[in-house]
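**Q** My structure file model.tsv, TSV, C-alpha atoms, is below:
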chain	number	residue	atom	x	y	z
A	1	MET	CA	26.73	-0.62	1.02
A	2	SER	CA	27.87	-0.75	4.62
A	3	ASP	CA	28.37	-4.47	5.20
A	4	ARG	CA	29.35	-7.53	3.25
A	5	PRO	CA	26.49	-9.72	2.04
A	6	VAL	CA	25.47	-12.56	4.31
A	7	ALA	CA	24.95	-15.89	2.54
A	8	THR	CA	21.57	-17.50	3.19
A	9	ALA	CA	21.18	-21.25	3.41
A	10	ALA	CA	17.65	-21.14	2.02
A	11	ASP	CA	18.55	-19.34	-1.18
A	12	LEU	CA	22.15	-18.71	-2.19
A	13	SER	CA	20.97	-16.43	-5.03
A	14	LEU	CA	19.68	-13.92	-2.44
A	15	GLN	CA	22.08	-11.25	-1.18
A	16	SER	CA	21.37	-9.96	2.31
A	17	PHE	CA	22.93	-6.83	3.81
A	18	ASP	CA	22.77	-5.25	7.25
A	19	VAL	CA	22.61	-1.51	6.54
A	20	ARG	CA	22.39	1.85	8.28
A	21	VAL	CA	19.98	4.29	6.67
A	22	PRO	CA	21.22	7.90	6.78
A	23	PRO	CA	21.08	10.54	8.03
A	24	HIS	CA	20.16	8.98	11.40
A	25	GLY	CA	21.91	5.63	11.00
A	26	LEU	CA	18.67	3.66	11.32
A	27	PRO	CA	19.35	-0.09	11.21
A	28	GLY	CA	17.86	-2.09	8.36
A	29	ALA	CA	18.00	-5.25	6.32
A	30	LEU	CA	18.30	-5.06	2.54
A	31	ARG	CA	17.65	-8.30	0.64
A	32	VAL	CA	18.21	-8.48	-3.10
A	33	PRO	CA	17.31	-11.58	-5.13
A	34	ARG	CA	19.24	-12.33	-8.29
A	35	HIS	CA	17.62	-10.54	-11.25
A	36	ALA	CA	15.34	-8.51	-8.96
A	37	PHE	CA	12.81	-6.51	-10.97
A	38	ALA	CA	11.67	-4.12	-8.22
A	39	LEU	CA	12.41	-2.83	-4.71
A	40	VAL	CA	9.82	-2.61	-1.95
A	41	ILE	CA	10.51	-0.57	1.20
A	42	PHE	CA	8.54	-1.46	4.32
A	43	ALA	CA	7.04	1.01	6.79
A	44	HIS	CA	6.05	-0.79	9.97
A	45	GLY	CA	3.37	0.26	12.41
A	46	SER	CA	3.46	1.60	15.94
A	47	GLY	CA	5.15	-0.68	18.45
A	48	SER	CA	6.87	-2.67	15.70
A	49	SER	CA	10.30	-2.70	14.03
A	50	ARG	CA	12.28	-4.13	11.15
A	51	LEU	CA	12.15	-7.45	13.06
A	52	SER	CA	8.36	-7.73	12.89
A	53	PRO	CA	7.74	-11.43	12.14
A	54	ARG	CA	4.75	-10.55	9.96
A	55	ASN	CA	6.62	-8.08	7.77
A	56	VAL	CA	9.65	-10.38	7.64
A	57	MET	CA	7.37	-13.15	6.37
A	58	VAL	CA	5.86	-10.86	3.73
A	59	ALA	CA	9.32	-9.67	2.68
A	60	ASP	CA	10.47	-13.27	2.30
A	61	GLY	CA	7.45	-14.01	0.12
A	62	LEU	CA	8.24	-11.00	-2.08
A	63	ASN	CA	11.91	-12.02	-2.31
A	64	ARG	CA	10.82	-15.38	-3.67
A	65	ARG	CA	8.94	-13.51	-6.39
A	66	GLY	CA	12.04	-11.58	-7.47
A	67	ILE	CA	11.42	-8.41	-5.46
A	68	ALA	CA	14.17	-6.80	-3.38
A	69	THR	CA	13.09	-5.57	0.06
A	70	LEU	CA	14.27	-3.07	2.66
A	71	LEU	CA	13.03	-3.35	6.22
A	72	PHE	CA	14.37	-0.68	8.57
A	73	ASP	CA	13.55	0.96	11.88
A	74	LEU	CA	11.66	4.20	11.40
A	75	LEU	CA	12.57	5.37	14.91
A	76	LYS	CA	15.69	5.51	17.06
A	77	PRO	CA	15.58	3.58	20.36
A	78	GLU	CA	15.08	6.71	22.44
A	79	GLU	CA	12.15	7.72	20.23
A	80	GLU	CA	10.45	4.39	20.92
A	81	ALA	CA	10.92	4.58	24.68
A	82	ALA	CA	7.77	4.21	26.76
A	83	ASP	CA	8.08	7.76	28.16
A	84	ASN	CA	8.62	9.37	24.74
A	85	ARG	CA	6.32	7.72	22.21
A	86	ALA	CA	4.79	10.81	20.62
A	87	LYS	CA	6.69	10.29	17.36
A	88	VAL	CA	5.20	6.80	16.97
A	89	PHE	CA	1.99	8.41	15.78
A	90	GLN	CA	3.36	11.48	13.94
A	91	ILE	CA	2.65	10.52	10.35
A	92	PRO	CA	4.50	13.45	8.68
A	93	PHE	CA	7.57	12.64	10.80
A	94	LEU	CA	7.44	8.94	9.89
A	95	ALA	CA	6.91	9.81	6.22
A	96	GLU	CA	10.05	11.96	6.29
A	97	ARG	CA	12.05	9.03	7.65
A	98	LEU	CA	10.64	6.86	4.88
A	99	ILE	CA	11.57	9.47	2.26
A	100	ASP	CA	15.11	9.52	3.68
A	101	ALA	CA	15.28	5.77	3.07
A	102	ILE	CA	13.96	6.14	-0.48
A	103	ARG	CA	16.57	8.76	-1.29
A	104	TRP	CA	19.31	6.58	0.20
A	105	THR	CA	18.39	3.68	-2.09
A	106	GLU	CA	18.83	5.98	-5.09
A	107	ASP	CA	22.58	5.88	-4.46
A	108	GLU	CA	22.82	2.13	-3.81
A	109	GLN	CA	24.25	0.33	-6.82
A	110	LEU	CA	22.23	-2.88	-6.49
A	111	VAL	CA	18.81	-1.25	-6.27
A	112	ARG	CA	19.01	2.35	-7.47
A	113	THR	CA	17.51	1.68	-10.90
A	114	LEU	CA	14.74	-0.64	-9.71
A	115	PRO	CA	11.09	0.45	-9.82
A	116	LEU	CA	9.99	1.29	-6.27
A	117	GLY	CA	7.06	0.17	-4.17
A	118	LEU	CA	6.07	0.79	-0.55
A	119	PHE	CA	4.47	-1.67	1.88
A	120	GLY	CA	2.89	-0.12	4.96
A	121	ALA	CA	1.38	-1.78	8.03
A	122	SER	CA	-0.82	-0.09	10.63
A	123	THR	CA	0.32	3.55	11.06
A	124	GLY	CA	3.12	2.86	8.56
A	125	ALA	CA	0.50	2.75	5.83
A	126	GLY	CA	-0.34	6.39	6.47
A	127	ALA	CA	3.35	7.32	6.25
A	128	ALA	CA	3.74	5.32	3.03
A	129	LEU	CA	0.87	7.16	1.37
A	130	VAL	CA	2.20	10.57	2.43
A	131	ALA	CA	5.56	9.62	0.92
A	132	ALA	CA	3.85	8.40	-2.27
A	133	ALA	CA	1.99	11.70	-2.55
A	134	ARG	CA	5.29	13.59	-2.38
A	135	LEU	CA	7.52	11.43	-4.59
A	136	GLU	CA	6.67	10.46	-8.16
A	137	ARG	CA	9.24	7.69	-8.00
A	138	VAL	CA	6.89	5.55	-5.88
A	139	GLY	CA	5.28	3.21	-8.39
A	140	ALA	CA	2.90	1.24	-6.15
A	141	VAL	CA	1.72	1.05	-2.54
A	142	VAL	CA	0.31	-1.86	-0.51
A	143	SER	CA	-1.26	-1.45	2.93
A	144	ARG	CA	-1.71	-4.40	5.32
A	145	GLY	CA	-4.14	-3.83	8.16
A	146	GLY	CA	-3.20	-0.21	7.73
A	147	ARG	CA	-4.48	3.19	8.73
A	148	PRO	CA	-4.43	4.93	5.35
A	149	ASP	CA	-6.89	7.47	6.76
A	150	LEU	CA	-3.99	8.93	8.76
A	151	ALA	CA	-2.52	10.25	5.50
A	152	GLY	CA	-5.25	12.89	5.60
A	153	GLU	CA	-5.36	15.32	2.69
A	154	ALA	CA	-2.34	13.60	1.10
A	155	LEU	CA	-4.70	10.84	-0.05
A	156	LEU	CA	-6.06	13.17	-2.72
A	157	ALA	CA	-2.55	13.62	-4.17
A	158	VAL	CA	-1.64	9.91	-4.33
A	159	ARG	CA	-1.39	8.73	-7.94
A	160	ALA	CA	0.57	5.53	-7.31
A	161	PRO	CA	-1.61	2.41	-7.68
A	162	THR	CA	-2.67	1.52	-4.13
A	163	LEU	CA	-3.88	-1.79	-2.70
A	164	LEU	CA	-5.55	-1.79	0.71
A	165	ILE	CA	-5.67	-5.21	2.42
A	166	VAL	CA	-7.86	-5.50	5.52
A	167	GLY	CA	-8.89	-8.39	7.73
A	168	GLY	CA	-12.57	-9.27	7.55
A	169	ALA	CA	-12.73	-9.36	11.36
A	170	ASP	CA	-10.79	-6.12	11.83
A	171	HIS	CA	-13.89	-4.14	12.69
A	172	GLY	CA	-13.47	-0.39	12.71
A	173	VAL	CA	-10.34	-0.54	10.57
A	174	ILE	CA	-12.42	-1.81	7.64
A	175	GLU	CA	-14.54	1.32	7.74
A	176	LEU	CA	-11.47	3.58	7.98
A	177	ASN	CA	-9.99	1.85	4.92
A	178	GLU	CA	-13.24	2.25	3.01
A	179	GLU	CA	-13.24	5.97	3.75
A	180	ALA	CA	-9.60	6.34	2.67
A	181	TYR	CA	-10.24	4.23	-0.45
A	182	ALA	CA	-12.94	6.66	-1.58
A	183	ARG	CA	-10.45	9.54	-1.43
A	184	LEU	CA	-7.56	7.93	-3.29
A	185	GLY	CA	-7.06	9.40	-6.75
A	186	GLY	CA	-5.07	6.76	-8.65
A	187	PRO	CA	-5.67	3.10	-9.54
A	188	LYS	CA	-6.84	1.33	-6.39
A	189	GLU	CA	-8.24	-1.85	-4.95
A	190	LEU	CA	-9.61	-2.86	-1.54
A	191	VAL	CA	-9.24	-6.52	-0.55
A	192	ILE	CA	-10.87	-7.95	2.56
A	193	VAL	CA	-9.38	-11.24	3.80
A	194	PRO	CA	-12.27	-13.25	5.28
A	195	GLY	CA	-11.97	-14.01	8.99
A	196	ALA	CA	-8.62	-12.27	9.46
A	197	THR	CA	-8.03	-9.98	12.43
A	198	HIS	CA	-5.74	-6.95	12.62
A	199	LEU	CA	-2.47	-8.93	12.79
A	200	PHE	CA	-3.50	-11.55	10.20
A	201	SER	CA	-2.44	-14.25	12.66
A	202	GLU	CA	-5.06	-16.73	11.46
A	203	ARG	CA	-3.94	-19.76	9.48
A	204	GLY	CA	-3.31	-18.82	5.86
A	205	ALA	CA	-4.11	-15.12	6.34
A	206	LEU	CA	-0.58	-13.81	5.79
A	207	GLU	CA	-0.17	-16.11	2.82
A	208	GLN	CA	-3.15	-14.33	1.26
A	209	VAL	CA	-1.52	-10.97	2.02
A	210	ILE	CA	1.67	-12.13	0.28
A	211	ALA	CA	-0.27	-13.35	-2.74
A	212	HIS	CA	-2.22	-10.10	-3.11
A	213	ALA	CA	0.84	-7.89	-2.51
A	214	GLY	CA	2.94	-9.90	-4.94
A	215	ARG	CA	0.24	-9.64	-7.60
A	216	TRP	CA	0.01	-5.86	-7.11
A	217	PHE	CA	3.71	-5.20	-7.26
A	218	GLU	CA	4.19	-7.48	-10.25
A	219	THR	CA	1.39	-5.72	-12.09
A	220	TYR	CA	2.62	-2.18	-11.49
A	221	LEU	CA	6.39	-2.47	-10.97
A	222	ARG	CA	7.52	-5.07	-13.46
A	223	THR	CA	9.09	-3.44	-16.55
A	224	PRO	CA	10.84	-4.94	-19.59
A	225	ARG	CA	14.39	-6.03	-18.78
A	226	GLY	CA	16.90	-3.25	-19.12
A	227	LYS	CA	14.40	-0.43	-18.71
A	228	SER	CA	13.84	1.71	-15.65
A	229	ARG	CA	10.92	3.84	-14.42
A	230	ARG	CA	13.20	6.46	-12.95
Is it possible to express this structure as structure tokens?

**A**
Amino acid sequence: MSDRPVATAADLSLQSFDVRVPPHGLPGALRVPRHAFALVIFAHGSGSSRLSPRNVMVADGLNRRGIATLLFDLLKPEEEAADNRAKVFQIPFLAERLIDAIRWTEDEQLVRTLPLGLFGASTGAGAALVAAARLERVGAVVSRGGRPDLAGEALLAVRAPTLLIVGGADHGVIELNEEAYARLGGPKELVIVPGATHLFSERGALEQVIAHAGRWFETYLRTPRGKSRR
């Protein structure tokens, strides 16, 4: 662990670390509740970062349910620059960065034995599903307003239970999620949040995302105390 834990006023039983994810030193925030039963790594969408207020809110909701979270930047600053944004939409490249983060957590004492889930938003959902198709360690995937269709042929190889959450007013993205849903091979569910748009900015919309994601991760990642899925 690179830094000392930062005490939080809201919940002193939650350890929070500023980290650097190798091999590129990508900045991240690792939060580990006391007696955490799982770890969820976030993959944000294009134009976003580890500081995304929506993903931070979801991560906080998962922390309160006993789930550790890692939010980190998938790209270096120069890769996000306005004149060099090609990598923002390169799903295999983003998936490789996500896999780097997964492998890093396998050496981190606090979280290395925890069952693992992935939470993807927008293009990050495609990267999360590609990573899940490649690594058996991924025990569950949740997509929020995601583009799972961007995972392409990898969808057929995904066996991790996958929950797709889409806003009821996110026209066009609903259809793309329905198409991806039909191609997923493992346990799956598609939830449409009535009236929500792509960013789930409507009152109560993100709370519904948190409730559905928490339910999914608790169902598929919770194991008897002392046992590991690794």

**Q** Using all atoms listed in the file, pick whichever of A:His212, A:Arg203, A:His171, A:His35 has the shortest atom-to-atom distance to Ile67 of chain A.

**A** A:His35

**Q** Within 10 Å of Ile99 of chain A, counting all atoms listed in the file, which residues show up once you throw out same-chain ones fewer than 5 positions away? Write them as an MDAnalysis selection string, please.

**A** chainID A and resid 93:94 104:105 127:128 130:132 134:135

**Q** Just checking: using all atoms listed in the file, which residue out of A:Ile91, A:Val209, A:Ala121, A:Leu164 ends up closest to Leu150 of chain A?

**A**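 Selected residue with least distance to Leu150 of chain A: A:Ile91.
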
**Q** Which residue gives the smallest distance to Leu176 of chain A among A:Ser16, A:Ser52, A:Gln90, A:Ser122, with only C-alpha atoms counted?

**A**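 Of A:Ser16, A:Ser52, A:Gln90, A:Ser122, the one nearest Leu176 of chain A, counting only C-alpha atoms, is A:Ser122.
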
**Q** As an exercise, work out the distance from atom CA of Leu70 of chain A to atom CA of Ala151 of chain A in Å and give it to one decimal place.

**A** 21.6 Å
